[in-house]
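Asks: A single structure is presented below for examination.
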Amino acid sequence: MSRIGILCPGAIGHLNPMCNLGIELLRRGHKVILFGVPEVEEKISQSNLEFSEIGGSDFPLGSIETMYAQLGQLTGLSGLKFAIQFFKKEAIMLFRDAPNAIRNAQIDFLIVDQVTSAGGTIADYLNLPFITVCNALPINKEPGVPPYFTHWRYKNVWWAKLRNQLGNVITNYLSRSIWDVLVQQRKAWHLPPHYKRDDSYSKLAQISQLPQELDFPRQKIVPWFHYAGPLRNPSDIEPVSLNKQHFSFELLNGKPLIYANLGTLQNQNLKIFRCIAEACLDIDAQLVISLGNPKADVSKADFPGNPIVVAFPPHQQLINRSHLVITHAGSTAVSCLSSGVPMVAIPITTDQPGMAARVAQAGAGEVVPLAKLNVPKLKTAIKRVLEDRTYRDNAAKLCSAIQDSGGVCYAADVIEQVIHTRSPALNKRLRGCGVNTQRCAS
């Protein structure tokens, strides 16, 4: 069996799916080692995956939590620029520390998060096969698909494609510092140059947590791209340990449940939670608010209407009981659709506007942009989603599509095919993408 290494950011939304995938590969007899900065070790301690520390000098204990706290205060392009600077620093560290750690662990195959841009170059340098996993929104570029950080809907018209290409130029400009680091490192290691950002992704298999039905239509997706759906485990228990607090489900009163969660990064702005609480005051439903941080001080959450406020409750279990989820449209969006629950999205930064746009275009939720957020607008969106059955029906259709996508087992099948054949795992299931596909073993 193979010795598999994982490279991904230390954020919960990336660690949880990667750990679930690693656990499935571990169950199949492979050895799986996750390479990460010191803070990651405790987070994944319940996953049974092995851990190899890298980057301790650049990211000592506490630095990642501090960085996420800073990111949680930012919105829009400010948040995106901050994240890009972090990923640049991470790339420099990975180029310095990861190759020796991977060699010492005798890794023969790599799984690389799509936003870990250094991973593909490290694999090339070590002559290791690797696959790319899109744990967030796929950022593969093509003219018909709006850039991931925009709220733009998909439109198959010339002006939208021109708009998208201009947006991609802006994306490339904003991320040029990471690109320069990658180009320079490939030159230093005497590797063939990359000419565009997508060259960093695997030529063997790319796996996305979206179902194809949620993504915008694509005409230029590579034939080894796989829409696997959420990389979850059957128990709905997330493997990354963050000391979840006990939640008494007896507190639920039987009214329709509205669950508000802004994730583990963009959860610092109590004004947004207060707006949510005020918008729900006259709605005949029960509101539960998650502050997304086990260290959050619930006593400071003096919200109107007496909602149930919890620092860090069992996330998926509450989603499963909800009639509506109010979310920033991060990884929570796919978790909601996995349970057929519609949403009201308040995207804040990075790829959240792009995910919210997809949810809205699929008819599974409403979007209230942060710049336009106020109580009347949010209340209108909440009532519309609660009262119009169409949103729940569309969420149920996406739930069915997610179940058919195969999830973590399908993703592991794709990886094992690549391990055994060392050839691209072509996807016969791609529909309407303008590519020739062949049968993918599963």
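In the structure tokens, chains take the letters A, B, ... in the order shown, each chain's residues start at 1, and ligands count up from 1 in the order shown.
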Mind listing the strand (DSSP E) residues of segment 113-220 of chain A, per DSSP on the backbone, as a PDB file with N, CA and C atoms, in the first residue's frame?
Replies:
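And here's result.pdb as it stands now:
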```pdb
ATOM      1  N   ASP A 113      -4.197  20.411  -1.322  1.00  0.00           N
ATOM      2  CA  ASP A 113      -5.324  21.340  -1.376  1.00  0.00           C
ATOM      3  C   ASP A 113      -5.102  22.337  -2.513  1.00  0.00           C
ATOM      4  N   PHE A 130       0.695  13.458  -7.750  1.00  0.00           N
ATOM      5  CA  PHE A 130      -0.171  14.131  -6.783  1.00  0.00           C
ATOM      6  C   PHE A 130      -1.530  14.393  -7.399  1.00  0.00           C
ATOM      7  N   ILE A 131      -2.520  14.544  -6.543  1.00  0.00           N
ATOM      8  CA  ILE A 131      -3.852  14.952  -6.987  1.00  0.00           C
ATOM      9  C   ILE A 131      -4.215  16.247  -6.247  1.00  0.00           C
ATOM     10  N   THR A 132      -5.101  17.013  -6.855  1.00  0.00           N
ATOM     11  CA  THR A 132      -5.562  18.277  -6.289  1.00  0.00           C
ATOM     12  C   THR A 132      -6.964  18.097  -5.719  1.00  0.00           C
ATOM     13  N   VAL A 133      -7.184  18.615  -4.516  1.00  0.00           N
ATOM     14  CA  VAL A 133      -8.511  18.585  -3.902  1.00  0.00           C
ATOM     15  C   VAL A 133      -8.994  20.021  -3.709  1.00  0.00           C
ATOM     16  N   CYS A 134     -10.165  20.326  -4.269  1.00  0.00           N
ATOM     17  CA  CYS A 134     -10.775  21.648  -4.120  1.00  0.00           C
ATOM     18  C   CYS A 134     -11.689  21.603  -2.900  1.00  0.00           C
ATOM     19  N   GLN A 206      -8.351  15.917 -10.287  1.00  0.00           N
ATOM     20  CA  GLN A 206      -8.757  17.057  -9.470  1.00  0.00           C
ATOM     21  C   GLN A 206     -10.135  16.729  -8.900  1.00  0.00           C
ATOM     22  N   ILE A 207     -10.274  16.875  -7.597  1.00  0.00           N
ATOM     23  CA  ILE A 207     -11.487  16.443  -6.903  1.00  0.00           C
ATOM     24  C   ILE A 207     -12.110  17.647  -6.202  1.00  0.00           C
ATOM     25  N   SER A 208     -13.416  17.866  -6.438  1.00  0.00           N
ATOM     26  CA  SER A 208     -14.118  18.999  -5.838  1.00  0.00           C
ATOM     27  C   SER A 208     -15.179  18.517  -4.868  1.00  0.00           C
TER      28      SER A 208
END
```
Asks: Any idea what's packed within 6 Å of segment 382-399 of chain A, counting only C-alpha atoms, ignoring anything in its chain fewer than 3 positions away? Could you give it as a ChimeraX atom specification?
Replies: /A:337-338,340-342,363-364,379,402
Asks: Using only C-alpha atoms, which residue out of A:His151, A:Arg274, A:Lys43, A:Lys220 lies closest to Pro347 of chain A?
Replies: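 Nearest candidate to Pro347 of chain A out of A:His151, A:Arg274, A:Lys43, A:Lys220: A:His151.
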Asks: Tell me which of A:Leu318, A:Leu231, A:Val115, A:Val40 sits closest to Ser248 of chain A, counting only C-alpha atoms.
Replies: A:Leu318
Asks: Might you pull out every residue within 10 Å of Leu370 of chain A, with only C-alpha atoms counted and same-chain residues fewer than 5 positions away left off, and present them as a short mmCIF file (atom, residue, chain, number, x, y, z; two decimals) with C-alpha atoms, in the first residue's frame?
Replies:
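Wrote result.cif, looks like this:
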```cif
data_model
loop_
_atom_site.label_atom_id
_atom_site.label_comp_id
_atom_site.auth_asym_id
_atom_site.auth_seq_id
_atom_site.Cartn_x
_atom_site.Cartn_y
_atom_site.Cartn_z
CA THR A 75 -14.31 41.95 4.63
CA GLY A 76 -14.31 42.04 0.84
CA ILE A 272 -23.88 40.87 11.91
CA HIS A 328 -21.51 33.36 5.27
CA ALA A 345 -26.25 33.86 2.63
CA ILE A 346 -24.34 36.88 3.89
CA PRO A 347 -20.98 36.44 2.10
CA ILE A 348 -18.13 38.34 3.71
CA THR A 349 -14.86 37.76 1.82
CA PRO A 353 -19.54 35.64 -2.74
#
```
Asks: At a cut-off of 9 Å, using only C-alpha atoms, what residues contact Ala105 of chain A? Leave out same-chain residues fewer than 6 positions from it and give the result as a list in words.
Replies: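 Final neighbour list, sorted by chain and number: Arg3, Gly5, Ile33 and Ser52 of chain A.
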Asks: Keeping only C-alpha atoms, take the residues you just selected and write them out as a compact mmCIF listing (two decimals), in the first residue's frame.
Replies:
```txt
# COMPACT_ATOMS: atom_id res chain seq x y z
CA ARG A 3 2.49 6.16 1.88
CA GLY A 5 1.11 12.78 2.33
CA ILE A 33 0.63 11.58 7.07
CA SER A 52 4.63 15.69 10.65
```
Asks: Which residue out of A:Leu26, A:Ile54, A:Ile221, A:Leu214 has the minimum interatomic distance to Leu137 of chain A when only C-alpha atoms are used?
Replies: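 Once distances to Leu137 of chain A are computed over only C-alpha atoms, the minimum belongs to A:Leu214.
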Asks: Check the DSSP output for the backbone and give back, as number ranges by chain, the residues of segment 149-365 of chain A in alpha helix (DSSP H).
Replies: A: 158-174, 176-188, 270-279, 315-321, 332-338, 352-361
Asks: I'd like the contact shell of Ile92 of chain A - 10 Å cut-off, only C-alpha atoms, skipping same-chain residues fewer than 4 positions apart - returned as a ChimeraX atom specification.
Replies: /A:55,58,87-88,96-97,118,178,181-182,185
Asks: Would you mind reading off the distance between atom CA of Ser47 of chain A and atom CA of Gly292 of chain A, one decimal, in Å?
Replies: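 It comes out at 20.5 Å.
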Asks: Determine the nearest neighbour of Leu80 of chain A from the options A:Leu174, A:Ile289, A:Val183, A:Ile258, counting only C-alpha atoms.
Replies: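 Checking each of A:Leu174, A:Ile289, A:Val183, A:Ile258 against Leu80 of chain A, counting only C-alpha atoms, the winner is A:Leu174.
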Asks: Do you know which residues are at most 10 Å from Cys409 of chain A counting only C-alpha atoms, after dropping those on the same chain fewer than 3 positions away, and could you put them as number ranges by chain?
Replies: A: 20-21, 24-25, 228, 231-233, 405-406, 412-415, 442
Asks: Take the residues from that selection and write them out as a PDB file, in the first residue's frame, keeping N, CA and C atoms.
Replies:
```pdb
ATOM      1  N   ASN A  20     -11.129  13.528   6.676  1.00  0.00           N
ATOM      2  CA  ASN A  20     -12.105  12.492   6.318  1.00  0.00           C
ATOM      3  C   ASN A  20     -11.590  11.645   5.154  1.00  0.00           C
ATOM      4  N   LEU A  21     -10.978  12.301   4.175  1.00  0.00           N
ATOM      5  CA  LEU A  21     -10.405  11.558   3.052  1.00  0.00           C
ATOM      6  C   LEU A  21      -9.246  10.700   3.521  1.00  0.00           C
ATOM      7  N   GLU A  24     -10.493   7.601   5.324  1.00  0.00           N
ATOM      8  CA  GLU A  24     -10.982   6.572   4.403  1.00  0.00           C
ATOM      9  C   GLU A  24      -9.815   5.832   3.750  1.00  0.00           C
ATOM     10  N   LEU A  25      -8.767   6.541   3.372  1.00  0.00           N
ATOM     11  CA  LEU A  25      -7.600   5.891   2.784  1.00  0.00           C
ATOM     12  C   LEU A  25      -6.873   5.041   3.829  1.00  0.00           C
ATOM     13  N   ALA A 228     -17.000  15.245  -6.616  1.00  0.00           N
ATOM     14  CA  ALA A 228     -17.244  14.151  -5.676  1.00  0.00           C
ATOM     15  C   ALA A 228     -18.293  14.493  -4.629  1.00  0.00           C
ATOM     16  N   LEU A 231     -16.727  15.805   1.297  1.00  0.00           N
ATOM     17  CA  LEU A 231     -15.889  14.729   1.830  1.00  0.00           C
ATOM     18  C   LEU A 231     -16.211  14.578   3.317  1.00  0.00           C
ATOM     19  N   ARG A 232     -17.347  13.953   3.587  1.00  0.00           N
ATOM     20  CA  ARG A 232     -17.839  13.778   4.949  1.00  0.00           C
ATOM     21  C   ARG A 232     -17.726  12.319   5.351  1.00  0.00           C
ATOM     22  N   ASN A 233     -17.748  12.094   6.676  1.00  0.00           N
ATOM     23  CA  ASN A 233     -17.854  10.717   7.142  1.00  0.00           C
ATOM     24  C   ASN A 233     -19.306  10.422   7.467  1.00  0.00           C
ATOM     25  N   SER A 405     -23.194  11.892  -5.884  1.00  0.00           N
ATOM     26  CA  SER A 405     -21.827  12.252  -6.278  1.00  0.00           C
ATOM     27  C   SER A 405     -20.784  11.286  -5.739  1.00  0.00           C
ATOM     28  N   GLY A 406     -21.086  10.623  -4.641  1.00  0.00           N
ATOM     29  CA  GLY A 406     -20.176   9.596  -4.136  1.00  0.00           C
ATOM     30  C   GLY A 406     -19.347   9.982  -2.941  1.00  0.00           C
ATOM     31  N   ALA A 412     -11.807   8.590  -2.754  1.00  0.00           N
ATOM     32  CA  ALA A 412     -10.766   7.601  -2.454  1.00  0.00           C
ATOM     33  C   ALA A 412     -10.589   6.630  -3.613  1.00  0.00           C
ATOM     34  N   ASP A 413     -11.697   6.278  -4.289  1.00  0.00           N
ATOM     35  CA  ASP A 413     -11.595   5.406  -5.466  1.00  0.00           C
ATOM     36  C   ASP A 413     -10.745   6.056  -6.553  1.00  0.00           C
ATOM     37  N   VAL A 414     -10.994   7.348  -6.784  1.00  0.00           N
ATOM     38  CA  VAL A 414     -10.228   8.077  -7.805  1.00  0.00           C
ATOM     39  C   VAL A 414      -8.747   8.088  -7.448  1.00  0.00           C
ATOM     40  N   ILE A 415      -8.451   8.364  -6.186  1.00  0.00           N
ATOM     41  CA  ILE A 415      -7.055   8.409  -5.745  1.00  0.00           C
ATOM     42  C   ILE A 415      -6.394   7.045  -5.922  1.00  0.00           C
ATOM     43  N   SER A 442     -14.348   2.928 -10.242  1.00  0.00           N
ATOM     44  CA  SER A 442     -14.913   3.273  -8.929  1.00  0.00           C
ATOM     45  C   SER A 442     -15.337   2.010  -8.239  1.00  0.00           C
TER      46      SER A 442
END
```
Asks: Between atom CA of Val375 of chain A and atom CA of Ala260 of chain A, what is the spacing in Å?
Replies: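 Distance reported for this atom pair: 14.6 Å.
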Asks: Calculated over only C-alpha atoms, which of the candidates A:Pro143, A:Gly10, A:Pro304, A:Pro424 has the smallest distance to Lys155 of chain A?
Replies: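 Looking only at the distances to Lys155 of chain A, the closest residue turns out to be A:Pro143.
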Asks: What's the 12 Å shell around Ser78 of chain A, counting only C-alpha atoms, without same-chain residues fewer than 4 positions away, as a PDB file with N, CA and C atoms, in the first residue's frame?
Replies:
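Output file out.pdb is given in full below:
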```pdb
ATOM      1  N   GLN A  70      -7.411  38.007  12.926  1.00  0.00           N
ATOM      2  CA  GLN A  70      -7.267  39.217  12.109  1.00  0.00           C
ATOM      3  C   GLN A  70      -8.119  39.122  10.852  1.00  0.00           C
ATOM      4  N   LEU A  71      -8.104  37.956  10.203  1.00  0.00           N
ATOM      5  CA  LEU A  71      -8.907  37.760   8.997  1.00  0.00           C
ATOM      6  C   LEU A  71     -10.390  37.917   9.310  1.00  0.00           C
ATOM      7  N   GLY A  72     -10.785  37.471  10.503  1.00  0.00           N
ATOM      8  CA  GLY A  72     -12.183  37.563  10.887  1.00  0.00           C
ATOM      9  C   GLY A  72     -12.690  38.979  11.027  1.00  0.00           C
ATOM     10  N   GLN A  73     -11.772  39.944  11.111  1.00  0.00           N
ATOM     11  CA  GLN A  73     -12.166  41.350  11.219  1.00  0.00           C
ATOM     12  C   GLN A  73     -12.293  42.017   9.849  1.00  0.00           C
ATOM     13  N   LEU A  74     -11.887  41.316   8.788  1.00  0.00           N
ATOM     14  CA  LEU A  74     -11.809  41.925   7.467  1.00  0.00           C
ATOM     15  C   LEU A  74     -12.947  41.467   6.573  1.00  0.00           C
ATOM     16  N   PHE A  82      -5.470  39.964   2.500  1.00  0.00           N
ATOM     17  CA  PHE A  82      -4.837  39.435   3.705  1.00  0.00           C
ATOM     18  C   PHE A  82      -4.582  37.939   3.559  1.00  0.00           C
ATOM     19  N   ALA A  83      -5.586  37.201   3.038  1.00  0.00           N
ATOM     20  CA  ALA A  83      -5.422  35.760   2.841  1.00  0.00           C
ATOM     21  C   ALA A  83      -4.308  35.464   1.851  1.00  0.00           C
ATOM     22  N   ILE A  84      -4.205  36.262   0.787  1.00  0.00           N
ATOM     23  CA  ILE A  84      -3.159  36.055  -0.212  1.00  0.00           C
ATOM     24  C   ILE A  84      -1.779  36.238   0.412  1.00  0.00           C
ATOM     25  N   GLN A  85      -1.601  37.242   1.246  1.00  0.00           N
ATOM     26  CA  GLN A  85      -0.310  37.450   1.900  1.00  0.00           C
ATOM     27  C   GLN A  85       0.051  36.290   2.817  1.00  0.00           C
ATOM     28  N   PHE A 149     -14.185  35.280  -6.277  1.00  0.00           N
ATOM     29  CA  PHE A 149     -14.398  36.272  -5.219  1.00  0.00           C
ATOM     30  C   PHE A 149     -15.522  37.255  -5.552  1.00  0.00           C
ATOM     31  N   LEU A 174      -3.896  40.499  -8.065  1.00  0.00           N
ATOM     32  CA  LEU A 174      -3.913  40.453  -6.603  1.00  0.00           C
ATOM     33  C   LEU A 174      -3.028  39.333  -6.060  1.00  0.00           C
ATOM     34  N   ILE A 348     -18.957  37.312   3.089  1.00  0.00           N
ATOM     35  CA  ILE A 348     -18.129  38.341   3.705  1.00  0.00           C
ATOM     36  C   ILE A 348     -16.854  38.602   2.917  1.00  0.00           C
ATOM     37  N   THR A 349     -16.127  37.543   2.525  1.00  0.00           N
ATOM     38  CA  THR A 349     -14.862  37.758   1.819  1.00  0.00           C
ATOM     39  C   THR A 349     -14.414  36.473   1.120  1.00  0.00           C
ATOM     40  N   THR A 350     -13.229  36.483   0.555  1.00  0.00           N
ATOM     41  CA  THR A 350     -12.591  35.381  -0.199  1.00  0.00           C
ATOM     42  C   THR A 350     -13.577  34.788  -1.203  1.00  0.00           C
TER      43      THR A 350
END
```
